[in-house]
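Here is the structure we will look at, set down as structure tokens.
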Amino acid sequence: MSVKRHSLSAAFVAAALILVIVAVPARSLGQDGADQVEEELERLPLAALLIGDGNYDRARQVLAGVDLDNPELDRIRYHTLSGLVALNLGELAMAVEDFRAAIDAGQDEPVVWLYLAQAYYGQEMFVETLYALERAGPEATRLPSVFLIRSQSHWQLQEYGQAWQVLAEGRQLFPDRAGDFARRQVFVLVEQGLYQEAADQGRRFLAGQGAGPEDALAIGNALHQSSQYDEAALILEQARLAHPEKVDLSRLLAHTYLSSDRVLGAAEVLRQAAVHDPRLLGESAELYRRAGWLMAALTLNAGIIDQDQKLKQRLAILVELKRFEQAAAMEPDLIRTGLLEDEDIRYALAYAHFKTGDFASAEAQLSLLERDDLFRKAIELRRVMEQCADQPWFCG
């Protein structure tokens, strides 16, 4: 099951600014800033200022000029700043290397362990993430995003009991983010195979304040991916009734119905959703066709905006309805739109011509088929046409 990643970026940026401000010396860069930049030991405060302003590429350029063999170099500060640059540029492995170097050099700021946890987490190194969060200490990690990351790490390690405990604690500590923790608890229950309890918890959560259609979509999708189609459908149906304009709910509900062989139900859901997104008409019509409701499919087909999709589907419906004259009459439109380049469509048109008795037009299309399976079908159709020509009564 795919999982949603939780970022600590906002918390880390705030902490980074604090660290940068503390790290910058009280004295100014001086009257001649350009000269001071050239001085080796002024590169670190300048890089700190650039990081504080979000200029990570420029900060890297400044840090690149640092002489690592300089015995006076503040290695703790250098590696911390280098780690921040790498972290914010998405270079997570490099960030880990720098933060570890800073810690090895004596860095003891809890926030640096948080930076390290983020770099580990982004690389799906969940054991290391939990270790870094533990070293950061309770005060530095008292953030909703940290609790979500900790629970997610436990979950990925299949430590569901610990994941549940972290989420429960998070709901108590951060009531304004209770929905995030409740949603994750549903996923933990699903992962443990406790589907009925997950569905019950999901419905209770969705009935409360703060829950929205996106939550129903996430919970319904989790149940669907676990093949709990009935439970998923109940949640999605209720959410769709409350938010009919959210077509993603209808799409997932239709997909859930299809997974349990409820083709007609899926077709109807998409038909209703097409009021809000006309592009769904084609999918709905196709499902009605698959369900055998050909007239309903033909009616919906008339409203499809995409002409290629409309003509291709209409030809298939007319052939199934045995309206071969109408199907054969579509040839000019099929030529105009270039759809006859599709050999399945060309064979369907040939078959329609055959059924109307226009063997010459049928042969004109059959002679252009090259795909092996259709070439064999063409041979069989020619055999039948020859038989019909010799014995007209045979094709009655």
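Chain labels A, B, ... are given in the sequence in which chains occur in the structure tokens; within each chain residues are numbered consecutively from 1, and ligands are likewise numbered from 1 in the order shown.
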
Next on the checklist: Using DSSP secondary structure from the backbone, list all alpha helix (DSSP H) positions within stretch 23-183 of chain A, as a PyMOL selection string.
Outcome noted: chain A and resi 23+33-38+43-52+56-64+75-88+92-104+110-122+126-136+144-156+160-173+178-183

Checklist entry - Could you pull the residues within 9 Å of stretch 133-150 of chain A, counting only C-alpha atoms, minus those fewer than 4 positions along the same chain, as number ranges by chain? => result A: 5-8, 11, 109-114, 116-118, 121, 126, 128-129, 154-155, 163, 166-167, 169-170, 173-174, 177, 180-181, 184

I need the chosen residues saved as a CSV table (one decimal), in the first residue's frame, with N, CA and C atoms.
chain,number,residue,atom,x,y,z
A,5,ARG,N,3.7,10.7,2.5
A,5,ARG,CA,4.9,11.2,3.2
A,5,ARG,C,4.5,12.5,3.9
A,6,HIS,N,5.1,12.6,5.1
A,6,HIS,CA,4.9,13.8,5.9
A,6,HIS,C,6.2,14.6,6.0
A,7,SER,N,6.2,15.8,5.7
A,7,SER,CA,7.4,16.6,5.6
A,7,SER,C,7.5,17.5,6.9
A,8,LEU,N,8.8,17.6,7.3
A,8,LEU,CA,9.1,18.5,8.5
A,8,LEU,C,9.6,19.8,8.0
A,11,ALA,N,8.8,23.0,10.1
A,11,ALA,CA,9.4,23.0,11.4
A,11,ALA,C,10.9,23.2,11.3
A,109,GLU,N,23.2,20.3,19.2
A,109,GLU,CA,21.9,20.9,19.1
A,109,GLU,C,20.9,19.8,18.8
A,110,PRO,N,19.8,19.7,19.6
A,110,PRO,CA,18.8,18.7,19.3
A,110,PRO,C,18.2,18.9,17.9
A,111,VAL,N,18.1,20.1,17.4
A,111,VAL,CA,17.5,20.3,16.1
A,111,VAL,C,18.3,19.7,15.0
A,112,VAL,N,19.6,19.5,15.2
A,112,VAL,CA,20.4,18.8,14.1
A,112,VAL,C,20.0,17.4,14.0
A,113,TRP,N,19.7,16.7,15.1
A,113,TRP,CA,19.2,15.4,15.1
A,113,TRP,C,17.8,15.3,14.3
A,114,LEU,N,17.0,16.4,14.4
A,114,LEU,CA,15.8,16.5,13.6
A,114,LEU,C,16.1,16.6,12.1
A,116,LEU,N,18.7,15.4,10.7
A,116,LEU,CA,19.2,14.1,10.3
A,116,LEU,C,18.1,13.1,10.2
A,117,ALA,N,17.1,13.2,11.0
A,117,ALA,CA,15.9,12.4,10.9
A,117,ALA,C,15.2,12.6,9.6
A,118,GLN,N,15.0,13.9,9.2
A,118,GLN,CA,14.4,14.1,7.9
A,118,GLN,C,15.1,13.5,6.8
A,121,TYR,N,14.6,9.8,6.8
A,121,TYR,CA,13.2,9.5,6.4
A,121,TYR,C,13.0,9.6,4.9
A,126,PHE,N,14.0,3.9,7.9
A,126,PHE,CA,13.1,4.1,9.0
A,126,PHE,C,13.7,3.8,10.4
A,128,GLU,N,16.9,4.2,11.2
A,128,GLU,CA,17.7,5.3,11.5
A,128,GLU,C,16.9,6.6,11.8
A,129,THR,N,15.7,6.7,11.2
A,129,THR,CA,14.9,7.9,11.5
A,129,THR,C,14.4,7.9,12.9
A,154,HIS,N,7.3,3.5,12.2
A,154,HIS,CA,7.0,2.3,12.9
A,154,HIS,C,6.1,1.4,12.0
A,155,TRP,N,5.2,2.1,11.3
A,155,TRP,CA,4.3,1.4,10.4
A,155,TRP,C,5.0,0.7,9.3
A,163,ALA,N,3.1,2.1,16.3
A,163,ALA,CA,2.5,3.2,15.4
A,163,ALA,C,1.2,3.7,16.0
A,166,VAL,N,1.8,5.9,19.1
A,166,VAL,CA,2.2,7.3,18.7
A,166,VAL,C,1.1,8.1,18.2
A,167,LEU,N,0.2,7.5,17.4
A,167,LEU,CA,-0.9,8.2,16.8
A,167,LEU,C,-1.9,8.6,17.9
A,169,GLU,N,-1.2,9.1,21.0
A,169,GLU,CA,-0.7,10.2,21.8
A,169,GLU,C,-0.7,11.5,21.0
A,170,GLY,N,-0.5,11.5,19.7
A,170,GLY,CA,-0.6,12.7,18.9
A,170,GLY,C,-2.0,13.3,18.9
A,173,LEU,N,-2.3,15.2,22.2
A,173,LEU,CA,-1.4,16.4,22.3
A,173,LEU,C,-1.8,17.5,21.3
A,174,PHE,N,-2.3,17.1,20.2
A,174,PHE,CA,-2.6,18.1,19.1
A,174,PHE,C,-4.0,17.9,18.6
A,177,ARG,N,-5.0,18.8,15.1
A,177,ARG,CA,-4.6,17.9,14.0
A,177,ARG,C,-5.1,16.5,14.2
A,180,ASP,N,-5.7,14.1,11.2
A,180,ASP,CA,-4.5,13.5,10.6
A,180,ASP,C,-4.2,12.2,11.3
A,181,PHE,N,-4.2,12.2,12.6
A,181,PHE,CA,-3.9,11.0,13.4
A,181,PHE,C,-4.9,10.0,13.3
A,184,ARG,N,-4.6,8.1,10.0
A,184,ARG,CA,-3.5,7.2,10.0
A,184,ARG,C,-3.9,5.9,10.8

Checklist outcome for this item: Residue with the minimum atom-to-atom distance to A:Gln307, picked from A:Leu294, A:Leu334, A:Ile51, A:Ala352 with only C-alpha atoms counted, is A:Leu334

Checklist entry - Quick one, how far is atom CA of A:Ala239 from atom CA of A:Leu270? => result 14.8 Å

Next on the checklist: I'd like the contact shell of A:Val319 - 10 Å cut-off, only C-alpha atoms, skipping same-chain residues fewer than 4 positions apart - returned as a list in words.
Outcome noted: Arg314, Leu315, Arg323, Phe324, Glu325, Gln326, Ala327, Ala328, Ala348, Leu349, Tyr351, Ala352 and Lys355 of chain A

Checklist entry - From the list A:Glu286, A:Asp333, A:Asp373, A:Asp98, which residue is nearest A:Ala119 when using only C-alpha atoms? => result A:Asp98

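Of note, atom CA of A:Arg289 and atom CA of A:Ile304 are spaced 14.6 Å apart.
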
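The coordinates place atom CA of A:Asp344 at 11.7 Å from atom CA of A:Asp372.
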
Next on the checklist: If we count only C-alpha atoms and set the cut-off at 9 Å, which residues sit around A:Ile379, ignoring sequence neighbours fewer than 5 positions away in its own chain? Please answer as a count of residues only.
Outcome noted: 3

Checklist entry - If we count only C-alpha atoms, what is near stretch 213-219 of chain A at a cut-off of 7 Å, once residues fewer than 2 positions away on the same chain are taken out, given as a ChimeraX atom specification? => result /A:202,206,211,221-223,235-236,239,243,249

Next on the checklist: List as a VMD selection string the protein and nucleic acid residues near stretch 70-86 of chain A, meaning an atom at most 7 Å away when only C-alpha atoms are counted, but skip any in the same chain fewer than 3 places from it.
Outcome noted: chain A and resid 44 48 56 60 67 89 to 92 94 to 95 98 to 99 101 to 102 105 to 107
